[in-house]
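The file target_20.cif contains mmCIF, N, CA and C atoms:
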data_target
#
loop_
_atom_site.label_atom_id
_atom_site.label_comp_id
_atom_site.auth_asym_id
_atom_site.auth_seq_id
_atom_site.Cartn_x
_atom_site.Cartn_y
_atom_site.Cartn_z
N MET J 1 72.44 89.65 103.09
CA MET J 1 73.53 89.45 104.02
C MET J 1 74.86 89.57 103.28
N THR J 2 75.79 90.24 103.91
CA THR J 2 77.09 90.45 103.31
C THR J 2 78.09 89.40 103.80
N ALA J 3 78.99 88.97 102.91
CA ALA J 3 80.04 88.02 103.28
C ALA J 3 81.38 88.53 102.74
N TRP J 4 82.43 88.28 103.50
CA TRP J 4 83.78 88.65 103.11
C TRP J 4 84.67 87.42 103.21
N ASN J 5 85.52 87.22 102.21
CA ASN J 5 86.49 86.11 102.20
C ASN J 5 87.87 86.69 101.99
N PHE J 6 88.81 86.29 102.83
CA PHE J 6 90.18 86.77 102.69
C PHE J 6 91.14 85.87 103.46
N GLU J 7 92.43 86.11 103.28
CA GLU J 7 93.48 85.32 103.92
C GLU J 7 94.37 86.22 104.76
N MET J 8 94.90 85.63 105.82
CA MET J 8 95.86 86.32 106.68
C MET J 8 97.04 85.39 106.92
N SER J 9 98.17 85.97 107.27
CA SER J 9 99.34 85.15 107.57
C SER J 9 99.12 84.36 108.86
N TRP J 10 99.94 83.35 109.06
CA TRP J 10 99.84 82.46 110.22
C TRP J 10 100.14 83.25 111.49
N PRO J 11 99.25 83.21 112.48
CA PRO J 11 99.44 84.00 113.71
C PRO J 11 100.36 83.30 114.71
N PRO J 12 100.92 84.08 115.64
CA PRO J 12 101.63 83.45 116.74
C PRO J 12 100.61 82.82 117.70
N SER J 13 101.05 81.80 118.40
CA SER J 13 100.20 81.19 119.43
C SER J 13 99.95 82.22 120.53
N VAL J 14 98.84 82.09 121.21
CA VAL J 14 98.55 82.99 122.32
C VAL J 14 99.67 82.93 123.36
N ASN J 15 100.37 81.79 123.44
CA ASN J 15 101.48 81.65 124.38
C ASN J 15 102.65 82.57 124.02
N GLY J 16 102.80 82.91 122.74
CA GLY J 16 103.86 83.81 122.32
C GLY J 16 103.37 85.19 121.95
N TYR J 17 102.08 85.41 122.08
CA TYR J 17 101.46 86.68 121.68
C TYR J 17 101.60 87.74 122.78
N TRP J 18 101.50 87.30 124.02
CA TRP J 18 101.59 88.20 125.17
C TRP J 18 102.90 87.97 125.91
N ARG J 19 103.35 88.99 126.63
CA ARG J 19 104.56 88.89 127.43
C ARG J 19 104.28 89.55 128.77
N ALA J 20 104.72 88.92 129.84
CA ALA J 20 104.55 89.49 131.18
C ALA J 20 105.75 90.38 131.50
N VAL J 21 105.46 91.56 132.03
CA VAL J 21 106.51 92.46 132.49
C VAL J 21 106.21 92.87 133.92
N VAL J 22 107.27 93.04 134.71
CA VAL J 22 107.12 93.42 136.11
C VAL J 22 107.57 94.86 136.26
N ASN J 23 106.72 95.67 136.88
CA ASN J 23 107.07 97.05 137.20
C ASN J 23 108.04 97.00 138.37
N LYS J 24 109.27 97.44 138.16
CA LYS J 24 110.31 97.34 139.19
C LYS J 24 109.98 98.18 140.42
N ARG J 25 109.27 99.26 140.23
CA ARG J 25 108.95 100.15 141.33
C ARG J 25 107.84 99.58 142.21
N THR J 26 106.78 99.06 141.57
CA THR J 26 105.61 98.60 142.34
C THR J 26 105.54 97.09 142.48
N GLY J 27 106.26 96.36 141.64
CA GLY J 27 106.22 94.91 141.68
C GLY J 27 105.00 94.30 141.00
N THR J 28 104.16 95.13 140.39
CA THR J 28 102.97 94.61 139.71
C THR J 28 103.35 94.03 138.35
N VAL J 29 102.59 93.03 137.96
CA VAL J 29 102.83 92.35 136.69
C VAL J 29 101.77 92.79 135.69
N SER J 30 102.21 93.14 134.49
CA SER J 30 101.31 93.53 133.41
C SER J 30 101.57 92.65 132.20
N GLN J 31 100.55 92.48 131.38
CA GLN J 31 100.68 91.76 130.12
C GLN J 31 100.78 92.78 128.99
N ILE J 32 101.81 92.63 128.17
CA ILE J 32 101.94 93.50 127.00
C ILE J 32 102.07 92.62 125.76
N LEU J 33 101.81 93.21 124.62
CA LEU J 33 101.96 92.51 123.35
C LEU J 33 103.44 92.23 123.11
N SER J 34 103.78 91.00 122.82
CA SER J 34 105.18 90.63 122.58
C SER J 34 105.65 91.19 121.23
N LYS J 35 106.94 91.09 121.00
CA LYS J 35 107.49 91.53 119.71
C LYS J 35 106.84 90.75 118.57
N ARG J 36 106.71 89.43 118.75
CA ARG J 36 106.05 88.60 117.72
C ARG J 36 104.61 89.04 117.53
N GLY J 37 103.94 89.39 118.61
CA GLY J 37 102.56 89.86 118.53
C GLY J 37 102.46 91.16 117.76
N ARG J 38 103.36 92.09 118.05
CA ARG J 38 103.35 93.38 117.34
C ARG J 38 103.65 93.20 115.86
N GLN J 39 104.60 92.31 115.55
CA GLN J 39 104.92 92.04 114.15
C GLN J 39 103.73 91.43 113.42
N TYR J 40 102.99 90.55 114.11
CA TYR J 40 101.82 89.95 113.48
C TYR J 40 100.74 90.99 113.22
N VAL J 41 100.51 91.88 114.17
CA VAL J 41 99.50 92.93 113.98
C VAL J 41 99.87 93.78 112.76
N GLU J 42 101.16 94.11 112.63
CA GLU J 42 101.61 94.92 111.48
C GLU J 42 101.45 94.16 110.16
N SER J 43 101.87 92.89 110.14
CA SER J 43 101.76 92.13 108.88
C SER J 43 100.30 91.87 108.52
N SER J 44 99.45 91.71 109.53
CA SER J 44 98.02 91.51 109.28
C SER J 44 97.39 92.75 108.68
N ALA J 45 97.83 93.91 109.14
CA ALA J 45 97.30 95.16 108.58
C ALA J 45 97.62 95.23 107.08
N VAL J 46 98.81 94.78 106.70
CA VAL J 46 99.18 94.74 105.28
C VAL J 46 98.33 93.72 104.54
N ASP J 47 98.16 92.52 105.14
CA ASP J 47 97.31 91.49 104.53
C ASP J 47 95.91 92.04 104.25
N LEU J 48 95.34 92.71 105.25
CA LEU J 48 93.98 93.24 105.12
C LEU J 48 93.91 94.38 104.12
N MET J 49 94.94 95.22 104.09
CA MET J 49 94.96 96.32 103.12
C MET J 49 95.00 95.76 101.70
N LEU J 50 95.85 94.76 101.47
CA LEU J 50 95.96 94.15 100.14
C LEU J 50 94.66 93.45 99.73
N ALA J 51 93.92 92.94 100.71
CA ALA J 51 92.65 92.28 100.42
C ALA J 51 91.49 93.28 100.35
N GLY J 52 91.78 94.56 100.58
CA GLY J 52 90.74 95.59 100.55
C GLY J 52 89.81 95.54 101.74
N MET J 53 90.29 95.01 102.87
CA MET J 53 89.44 94.82 104.05
C MET J 53 89.79 95.76 105.20
N LYS J 54 90.89 96.49 105.11
CA LYS J 54 91.32 97.35 106.21
C LYS J 54 90.42 98.57 106.32
N GLY J 55 90.06 98.93 107.54
CA GLY J 55 89.28 100.13 107.79
C GLY J 55 87.82 100.05 107.40
N MET J 56 87.24 98.87 107.41
CA MET J 56 85.84 98.72 107.01
C MET J 56 84.87 99.13 108.13
N HIS J 57 85.31 99.09 109.36
CA HIS J 57 84.50 99.49 110.52
C HIS J 57 83.15 98.78 110.58
N ILE J 58 83.14 97.48 110.36
CA ILE J 58 81.90 96.71 110.40
C ILE J 58 81.33 96.75 111.81
N THR J 59 80.03 97.02 111.92
CA THR J 59 79.38 97.09 113.23
C THR J 59 78.36 95.98 113.45
N ALA J 60 78.10 95.18 112.43
CA ALA J 60 77.08 94.11 112.51
C ALA J 60 77.54 92.97 113.41
N ARG J 61 76.59 92.13 113.80
CA ARG J 61 76.89 90.87 114.49
C ARG J 61 77.45 89.93 113.44
N LEU J 62 78.42 89.08 113.83
CA LEU J 62 79.16 88.32 112.83
C LEU J 62 79.25 86.83 113.12
N GLU J 63 79.38 86.08 112.03
CA GLU J 63 79.73 84.66 112.07
C GLU J 63 81.05 84.52 111.32
N ILE J 64 82.04 83.89 111.96
CA ILE J 64 83.35 83.75 111.33
C ILE J 64 83.71 82.28 111.20
N THR J 65 84.16 81.92 110.00
CA THR J 65 84.71 80.59 109.76
C THR J 65 86.20 80.77 109.49
N MET J 66 87.01 80.08 110.27
CA MET J 66 88.46 80.20 110.20
C MET J 66 89.05 78.84 109.82
N HIS J 67 89.80 78.81 108.72
CA HIS J 67 90.50 77.59 108.30
C HIS J 67 91.98 77.80 108.59
N LEU J 68 92.51 77.02 109.51
CA LEU J 68 93.91 77.14 109.93
C LEU J 68 94.78 76.17 109.14
N HIS J 69 95.70 76.73 108.36
CA HIS J 69 96.67 75.95 107.58
C HIS J 69 98.04 76.17 108.22
N PRO J 70 98.47 75.28 109.12
CA PRO J 70 99.72 75.52 109.84
C PRO J 70 100.95 75.40 108.95
N PRO J 71 102.07 75.99 109.39
CA PRO J 71 103.30 75.90 108.61
C PRO J 71 104.06 74.59 108.81
N THR J 72 103.74 73.85 109.86
CA THR J 72 104.43 72.58 110.16
C THR J 72 103.41 71.55 110.62
N ALA J 73 103.89 70.32 110.80
CA ALA J 73 103.02 69.23 111.27
C ALA J 73 102.92 69.21 112.80
N ARG J 74 103.48 70.18 113.46
CA ARG J 74 103.45 70.25 114.92
C ARG J 74 102.00 70.30 115.42
N LYS J 75 101.73 69.59 116.51
CA LYS J 75 100.38 69.59 117.08
C LYS J 75 100.08 70.96 117.68
N TYR J 76 98.80 71.36 117.62
CA TYR J 76 98.41 72.65 118.18
C TYR J 76 96.95 72.63 118.57
N ASP J 77 96.59 73.54 119.46
CA ASP J 77 95.20 73.74 119.87
C ASP J 77 94.63 74.88 119.03
N VAL J 78 93.48 74.68 118.43
CA VAL J 78 92.91 75.72 117.56
C VAL J 78 92.64 77.02 118.32
N ASP J 79 92.27 76.91 119.59
CA ASP J 79 91.93 78.13 120.33
C ASP J 79 93.15 78.98 120.69
N ASN J 80 94.36 78.48 120.45
CA ASN J 80 95.56 79.28 120.72
C ASN J 80 95.83 80.32 119.64
N PHE J 81 95.08 80.31 118.55
CA PHE J 81 95.38 81.19 117.43
C PHE J 81 94.27 82.20 117.13
N THR J 82 93.09 81.98 117.64
CA THR J 82 91.97 82.87 117.30
C THR J 82 92.14 84.27 117.86
N LYS J 83 92.70 84.41 119.06
CA LYS J 83 92.81 85.73 119.69
C LYS J 83 93.71 86.67 118.88
N ALA J 84 94.84 86.17 118.41
CA ALA J 84 95.74 87.02 117.62
C ALA J 84 95.05 87.49 116.34
N VAL J 85 94.29 86.60 115.70
CA VAL J 85 93.57 86.97 114.49
C VAL J 85 92.51 88.03 114.81
N PHE J 86 91.72 87.80 115.86
CA PHE J 86 90.68 88.76 116.24
C PHE J 86 91.27 90.12 116.61
N ASP J 87 92.33 90.13 117.41
CA ASP J 87 92.95 91.40 117.79
C ASP J 87 93.46 92.15 116.56
N SER J 88 94.02 91.43 115.61
CA SER J 88 94.51 92.08 114.39
C SER J 88 93.38 92.66 113.56
N LEU J 89 92.26 91.94 113.49
CA LEU J 89 91.10 92.45 112.76
C LEU J 89 90.54 93.71 113.42
N THR J 90 90.58 93.74 114.75
CA THR J 90 90.12 94.93 115.48
C THR J 90 91.06 96.10 115.25
N LYS J 91 92.36 95.86 115.38
CA LYS J 91 93.34 96.95 115.24
C LYS J 91 93.39 97.49 113.81
N ALA J 92 93.09 96.65 112.84
CA ALA J 92 93.03 97.11 111.44
C ALA J 92 91.67 97.70 111.10
N ARG J 93 90.80 97.77 112.09
CA ARG J 93 89.46 98.35 111.97
C ARG J 93 88.59 97.63 110.94
N PHE J 94 88.82 96.30 110.79
CA PHE J 94 87.90 95.52 109.95
C PHE J 94 86.55 95.48 110.64
N PHE J 95 86.54 95.14 111.92
CA PHE J 95 85.34 95.28 112.74
C PHE J 95 85.69 96.08 113.99
N MET J 96 84.69 96.48 114.74
CA MET J 96 84.92 97.35 115.88
C MET J 96 85.52 96.61 117.07
N ASP J 97 85.03 95.38 117.33
CA ASP J 97 85.50 94.62 118.48
C ASP J 97 85.15 93.15 118.27
N ASP J 98 85.99 92.26 118.79
CA ASP J 98 85.71 90.84 118.60
C ASP J 98 84.49 90.36 119.39
N GLU J 99 83.93 91.21 120.21
CA GLU J 99 82.69 90.88 120.90
C GLU J 99 81.52 90.78 119.93
N GLN J 100 81.69 91.28 118.71
CA GLN J 100 80.65 91.20 117.68
C GLN J 100 80.49 89.79 117.12
N VAL J 101 81.46 88.92 117.40
CA VAL J 101 81.43 87.56 116.85
C VAL J 101 80.48 86.71 117.69
N ASP J 102 79.34 86.35 117.10
CA ASP J 102 78.35 85.51 117.79
C ASP J 102 78.58 84.03 117.51
N ILE J 103 79.10 83.72 116.33
CA ILE J 103 79.30 82.32 115.92
C ILE J 103 80.71 82.19 115.37
N LEU J 104 81.43 81.17 115.85
CA LEU J 104 82.80 80.95 115.40
C LEU J 104 82.99 79.48 115.06
N HIS J 105 83.49 79.23 113.84
CA HIS J 105 83.85 77.88 113.41
C HIS J 105 85.35 77.91 113.12
N VAL J 106 86.09 76.97 113.71
CA VAL J 106 87.53 76.90 113.48
C VAL J 106 87.87 75.48 113.04
N TYR J 107 88.60 75.37 111.92
CA TYR J 107 88.94 74.07 111.36
C TYR J 107 90.44 73.95 111.16
N LYS J 108 90.98 72.80 111.53
CA LYS J 108 92.37 72.47 111.20
C LYS J 108 92.39 71.96 109.77
N LYS J 109 93.28 72.50 108.96
CA LYS J 109 93.37 72.11 107.55
C LYS J 109 94.79 71.64 107.23
N HIS J 110 95.05 71.38 105.95
CA HIS J 110 96.35 70.85 105.55
C HIS J 110 97.47 71.88 105.75
N ILE J 111 98.66 71.36 105.84
CA ILE J 111 99.85 72.19 106.07
C ILE J 111 100.19 72.99 104.82
N ILE J 112 100.58 74.24 105.02
CA ILE J 112 101.18 75.06 103.96
C ILE J 112 102.60 75.36 104.46
N ARG J 113 103.55 74.59 103.97
CA ARG J 113 104.93 74.61 104.47
C ARG J 113 105.52 76.01 104.57
N ARG J 114 106.25 76.22 105.63
CA ARG J 114 107.01 77.42 105.98
C ARG J 114 106.16 78.62 106.33
N ALA J 115 105.15 78.93 105.55
CA ALA J 115 104.41 80.17 105.77
C ALA J 115 103.20 79.99 106.68
N GLY J 116 102.42 78.95 106.43
CA GLY J 116 101.15 78.84 107.14
C GLY J 116 100.18 79.89 106.62
N LEU J 117 98.92 79.75 106.97
CA LEU J 117 97.90 80.65 106.43
C LEU J 117 96.61 80.48 107.21
N VAL J 118 95.85 81.56 107.32
CA VAL J 118 94.50 81.51 107.89
C VAL J 118 93.55 82.02 106.82
N ARG J 119 92.57 81.20 106.45
CA ARG J 119 91.53 81.61 105.50
C ARG J 119 90.29 81.93 106.31
N LEU J 120 89.72 83.10 106.04
CA LEU J 120 88.55 83.54 106.80
C LEU J 120 87.36 83.80 105.90
N THR J 121 86.20 83.42 106.39
CA THR J 121 84.93 83.82 105.80
C THR J 121 84.15 84.49 106.92
N VAL J 122 83.75 85.72 106.68
CA VAL J 122 83.02 86.50 107.67
C VAL J 122 81.65 86.82 107.10
N ASN J 123 80.61 86.47 107.84
CA ASN J 123 79.23 86.73 107.41
C ASN J 123 78.51 87.57 108.46
N GLU J 124 77.67 88.46 107.99
CA GLU J 124 76.77 89.15 108.91
C GLU J 124 75.73 88.16 109.39
N VAL J 125 75.40 88.23 110.68
CA VAL J 125 74.37 87.37 111.24
C VAL J 125 73.03 88.07 111.08
N ALA J 126 72.06 87.36 110.52
CA ALA J 126 70.74 87.96 110.28
C ALA J 126 69.97 88.12 111.57
#
Can the structure in the file be given as structure tokens, please?
Amino acid sequence: MTAWNFEMSWPPSVNGYWRAVVNKRTGTVSQILSKRGRQYVESSAVDLMLAGMKGMHITARLEITMHLHPPTARKYDVDNFTKAVFDSLTKARFFMDDEQVDILHVYKKHIIRRAGLVRLTVNEVA
């Protein structure tokens, strides 16, 4: 079984990751990636490239352990941050799609002032 360990920068909350836009002609509402979301996807691609993880195209079923080190003592819900991380891993072609994740462990960890950090361990599921 293969395992990968690496770090990514602190993601935006899902509340700041998406933005609603209204089509003036039709009045329909669409969700698009916010500026903060786009910046995170770009910075994550750099994080993954530096860790040698970009473009791996993993197709196996996966177990992911995520250690969230927030930048502040502000309270947060762990599930508000997983989507941005998963989308970034998909866009950087680390894996094909976040649907491959069968098992997910998310832990709140100590604060890393100003920057924040996400530590990931990814294992193939046997």
Of the candidates J:Thr2, J:His67, J:Asp98, J:Glu7, which shows the shortest atom-to-atom distance to J:Ala84, using only C-alpha atoms?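 For J:Ala84, the nearest of the given residues is J:Asp98.
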Contacts of stretch 70-108 of chain J with stretch 12-31 of chain J up to 7 Å, shortest pair per row, only C-alpha atoms, as a Markdown table:
| residue | atom | partner | partner_atom | distance |
| --- | --- | --- | --- | --- |
| J:Asn80 | CA | J:Val14 | CA | 5.0 |
| J:Phe81 | CA | J:Ser13 | CA | 5.2 |
| J:Lys83 | CA | J:Val14 | CA | 6.9 |
| J:Ala84 | CA | J:Val14 | CA | 6.8 |
Taking into account only N, CA and C atoms, which residue in the set J:Ile64, J:Arg74, J:Phe94, J:His57 is nearest to J:Leu120?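 Smallest separation from J:Leu120 among the options: J:Ile64.
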On this structure, which residues satisfy the PyMOL selection byres ((chain J and resi 36-41) around 7), written as a PyMOL selection string? chain J and resi 11-12+16-18+33-35+42-46+87-88
Translate the PyMOL selection byres (((chain J and resi 114 and name CA) around 7) and name CA) into a concrete residue list for this structure, as a PyMOL selection string. chain J and resi 71-72+112-113+115-116
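Computed from the coordinates, the atom C of J:Asp102 to atom N of J:Ala60 distance equals 12.3 Å.
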Could you tell me how far atom N of J:Met8 sits from atom C of J:Leu50, in Å to one decimal place?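 Atom-to-atom, atom C of J:Leu50 and atom N of J:Met8 are spaced 9.9 Å apart.
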Coordinates-based distance that separates atom C of J:Pro70 from atom CA of J:Gln100 (Å, one decimal):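 Here the two named atoms are 27.2 Å from each other.
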Let me have the centre and edge lengths of the axis-aligned box enclosing all listed atoms of stretch 14-25 of chain J with 4 Å padding on every side, in Å to one decimal, as JSON.
{"center_x": 104.4, "center_y": 90.9, "center_z": 131.7, "size_x": 19.8, "size_y": 26.5, "size_z": 29.0}
Can you pull out every residue from stretch 54-96 of chain J that DSSP, working from the backbone, puts in strand (DSSP E or B), and format the result as a VMD selection string? chain J and resid 58 62 to 69 95
Quick check for you: according to DSSP on this backbone, which residues of chain J are classed as alpha helix (DSSP H)? Reply as a PDB file with N, CA and C atoms, in the frame of the given file.
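Wrote part_35.pdb, looks like this:
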ATOM      1  N   VAL J  14      98.840  82.090 121.210  1.00  0.00           N
ATOM      2  CA  VAL J  14      98.550  82.990 122.320  1.00  0.00           C
ATOM      3  C   VAL J  14      99.670  82.930 123.360  1.00  0.00           C
ATOM      4  N   ASN J  15     100.370  81.790 123.440  1.00  0.00           N
ATOM      5  CA  ASN J  15     101.480  81.650 124.380  1.00  0.00           C
ATOM      6  C   ASN J  15     102.650  82.570 124.020  1.00  0.00           C
ATOM      7  N   GLY J  16     102.800  82.910 122.740  1.00  0.00           N
ATOM      8  CA  GLY J  16     103.860  83.810 122.320  1.00  0.00           C
ATOM      9  C   GLY J  16     103.370  85.190 121.950  1.00  0.00           C
ATOM     10  N   TYR J  17     102.080  85.410 122.080  1.00  0.00           N
ATOM     11  CA  TYR J  17     101.460  86.680 121.680  1.00  0.00           C
ATOM     12  C   TYR J  17     101.600  87.740 122.780  1.00  0.00           C
ATOM     13  N   LYS J  35     106.940  91.090 121.000  1.00  0.00           N
ATOM     14  CA  LYS J  35     107.490  91.530 119.710  1.00  0.00           C
ATOM     15  C   LYS J  35     106.840  90.750 118.570  1.00  0.00           C
ATOM     16  N   ARG J  36     106.710  89.430 118.750  1.00  0.00           N
ATOM     17  CA  ARG J  36     106.050  88.600 117.720  1.00  0.00           C
ATOM     18  C   ARG J  36     104.610  89.040 117.530  1.00  0.00           C
ATOM     19  N   GLY J  37     103.940  89.390 118.610  1.00  0.00           N
ATOM     20  CA  GLY J  37     102.560  89.860 118.530  1.00  0.00           C
ATOM     21  C   GLY J  37     102.460  91.160 117.760  1.00  0.00           C
ATOM     22  N   ARG J  38     103.360  92.090 118.050  1.00  0.00           N
ATOM     23  CA  ARG J  38     103.350  93.380 117.340  1.00  0.00           C
ATOM     24  C   ARG J  38     103.650  93.200 115.860  1.00  0.00           C
ATOM     25  N   GLN J  39     104.600  92.310 115.550  1.00  0.00           N
ATOM     26  CA  GLN J  39     104.920  92.040 114.150  1.00  0.00           C
ATOM     27  C   GLN J  39     103.730  91.430 113.420  1.00  0.00           C
ATOM     28  N   TYR J  40     102.990  90.550 114.110  1.00  0.00           N
ATOM     29  CA  TYR J  40     101.820  89.950 113.480  1.00  0.00           C
ATOM     30  C   TYR J  40     100.740  90.990 113.220  1.00  0.00           C
ATOM     31  N   VAL J  41     100.510  91.880 114.170  1.00  0.00           N
ATOM     32  CA  VAL J  41      99.500  92.930 113.980  1.00  0.00           C
ATOM     33  C   VAL J  41      99.870  93.780 112.760  1.00  0.00           C
ATOM     34  N   GLU J  42     101.160  94.110 112.630  1.00  0.00           N
ATOM     35  CA  GLU J  42     101.610  94.920 111.480  1.00  0.00           C
ATOM     36  C   GLU J  42     101.450  94.160 110.160  1.00  0.00           C
ATOM     37  N   SER J  43     101.870  92.890 110.140  1.00  0.00           N
ATOM     38  CA  SER J  43     101.760  92.130 108.880  1.00  0.00           C
ATOM     39  C   SER J  43     100.300  91.870 108.520  1.00  0.00           C
ATOM     40  N   SER J  44      99.450  91.710 109.530  1.00  0.00           N
ATOM     41  CA  SER J  44      98.020  91.510 109.280  1.00  0.00           C
ATOM     42  C   SER J  44      97.390  92.750 108.680  1.00  0.00           C
ATOM     43  N   ALA J  45      97.830  93.910 109.140  1.00  0.00           N
ATOM     44  CA  ALA J  45      97.300  95.160 108.580  1.00  0.00           C
ATOM     45  C   ALA J  45      97.620  95.230 107.080  1.00  0.00           C
ATOM     46  N   VAL J  46      98.810  94.780 106.700  1.00  0.00           N
ATOM     47  CA  VAL J  46      99.180  94.740 105.280  1.00  0.00           C
ATOM     48  C   VAL J  46      98.330  93.720 104.540  1.00  0.00           C
ATOM     49  N   ASP J  47      98.160  92.520 105.140  1.00  0.00           N
ATOM     50  CA  ASP J  47      97.310  91.490 104.530  1.00  0.00           C
ATOM     51  C   ASP J  47      95.910  92.040 104.250  1.00  0.00           C
ATOM     52  N   LEU J  48      95.340  92.710 105.250  1.00  0.00           N
ATOM     53  CA  LEU J  48      93.980  93.240 105.120  1.00  0.00           C
ATOM     54  C   LEU J  48      93.910  94.380 104.120  1.00  0.00           C
ATOM     55  N   MET J  49      94.940  95.220 104.090  1.00  0.00           N
ATOM     56  CA  MET J  49      94.960  96.320 103.120  1.00  0.00           C
ATOM     57  C   MET J  49      95.000  95.760 101.700  1.00  0.00           C
ATOM     58  N   LEU J  50      95.850  94.760 101.470  1.00  0.00           N
ATOM     59  CA  LEU J  50      95.960  94.150 100.140  1.00  0.00           C
ATOM     60  C   LEU J  50      94.660  93.450  99.730  1.00  0.00           C
ATOM     61  N   THR J  82      93.090  81.980 117.640  1.00  0.00           N
ATOM     62  CA  THR J  82      91.970  82.870 117.300  1.00  0.00           C
ATOM     63  C   THR J  82      92.140  84.270 117.860  1.00  0.00           C
ATOM     64  N   LYS J  83      92.700  84.410 119.060  1.00  0.00           N
ATOM     65  CA  LYS J  83      92.810  85.730 119.690  1.00  0.00           C
ATOM     66  C   LYS J  83      93.710  86.670 118.880  1.00  0.00           C
ATOM     67  N   ALA J  84      94.840  86.170 118.410  1.00  0.00           N
ATOM     68  CA  ALA J  84      95.740  87.020 117.620  1.00  0.00           C
ATOM     69  C   ALA J  84      95.050  87.490 116.340  1.00  0.00           C
ATOM     70  N   VAL J  85      94.290  86.600 115.700  1.00  0.00           N
ATOM     71  CA  VAL J  85      93.570  86.970 114.490  1.00  0.00           C
ATOM     72  C   VAL J  85      92.510  88.030 114.810  1.00  0.00           C
ATOM     73  N   PHE J  86      91.720  87.800 115.860  1.00  0.00           N
ATOM     74  CA  PHE J  86      90.680  88.760 116.240  1.00  0.00           C
ATOM     75  C   PHE J  86      91.270  90.120 116.610  1.00  0.00           C
ATOM     76  N   ASP J  87      92.330  90.130 117.410  1.00  0.00           N
ATOM     77  CA  ASP J  87      92.950  91.400 117.790  1.00  0.00           C
ATOM     78  C   ASP J  87      93.460  92.150 116.560  1.00  0.00           C
ATOM     79  N   SER J  88      94.020  91.430 115.610  1.00  0.00           N
ATOM     80  CA  SER J  88      94.510  92.080 114.390  1.00  0.00           C
ATOM     81  C   SER J  88      93.380  92.660 113.560  1.00  0.00           C
ATOM     82  N   LEU J  89      92.260  91.940 113.490  1.00  0.00           N
ATOM     83  CA  LEU J  89      91.100  92.450 112.760  1.00  0.00           C
ATOM     84  C   LEU J  89      90.540  93.710 113.420  1.00  0.00           C
ATOM     85  N   THR J  90      90.580  93.740 114.750  1.00  0.00           N
ATOM     86  CA  THR J  90      90.120  94.930 115.480  1.00  0.00           C
ATOM     87  C   THR J  90      91.060  96.100 115.250  1.00  0.00           C
ATOM     88  N   LYS J  91      92.360  95.860 115.380  1.00  0.00           N
ATOM     89  CA  LYS J  91      93.340  96.950 115.240  1.00  0.00           C
ATOM     90  C   LYS J  91      93.390  97.490 113.810  1.00  0.00           C
TER      91      LYS J  91
END
Residues matched by the PyMOL selection byres (((chain J and resi 117 and name CA) around 6) and name CA) as JSON, numbers by chain: {"J": [9, 10, 69, 116, 118]}
For stretch 9-20 of chain J of the block above, can you save N, CA and C atoms as a CSV table (one decimal), in the first residue's frame?
chain,number,residue,atom,x,y,z
J,9,SER,N,-1.3,25.0,2.4
J,9,SER,CA,-1.6,26.2,3.1
J,9,SER,C,-3.1,26.1,3.6
J,10,TRP,N,-3.4,27.0,4.6
J,10,TRP,CA,-4.7,27.0,5.2
J,10,TRP,C,-5.8,27.4,4.2
J,11,PRO,N,-6.8,26.6,4.1
J,11,PRO,CA,-7.9,26.9,3.0
J,11,PRO,C,-8.9,28.0,3.5
J,12,PRO,N,-9.6,28.6,2.6
J,12,PRO,CA,-10.7,29.4,3.0
J,12,PRO,C,-11.8,28.5,3.4
J,13,SER,N,-12.7,29.0,4.3
J,13,SER,CA,-13.9,28.3,4.7
J,13,SER,C,-14.8,28.1,3.5
J,14,VAL,N,-15.6,27.1,3.5
J,14,VAL,CA,-16.5,26.9,2.4
J,14,VAL,C,-17.5,28.1,2.2
J,15,ASN,N,-17.7,28.9,3.3
J,15,ASN,CA,-18.5,30.1,3.3
J,15,ASN,C,-17.9,31.2,2.4
J,16,GLY,N,-16.5,31.2,2.3
J,16,GLY,CA,-15.8,32.2,1.5
J,16,GLY,C,-15.3,31.6,0.2
J,17,TYR,N,-15.5,30.3,0.0
J,17,TYR,CA,-14.9,29.6,-1.2
J,17,TYR,C,-15.8,29.8,-2.4
J,18,TRP,N,-17.1,29.8,-2.2
J,18,TRP,CA,-18.0,30.0,-3.3
J,18,TRP,C,-18.7,31.4,-3.3
J,19,ARG,N,-19.1,31.9,-4.4
J,19,ARG,CA,-19.8,33.2,-4.5
J,19,ARG,C,-21.0,33.0,-5.4
J,20,ALA,N,-22.1,33.6,-5.0
J,20,ALA,CA,-23.3,33.5,-5.8
J,20,ALA,C,-23.4,34.7,-6.8
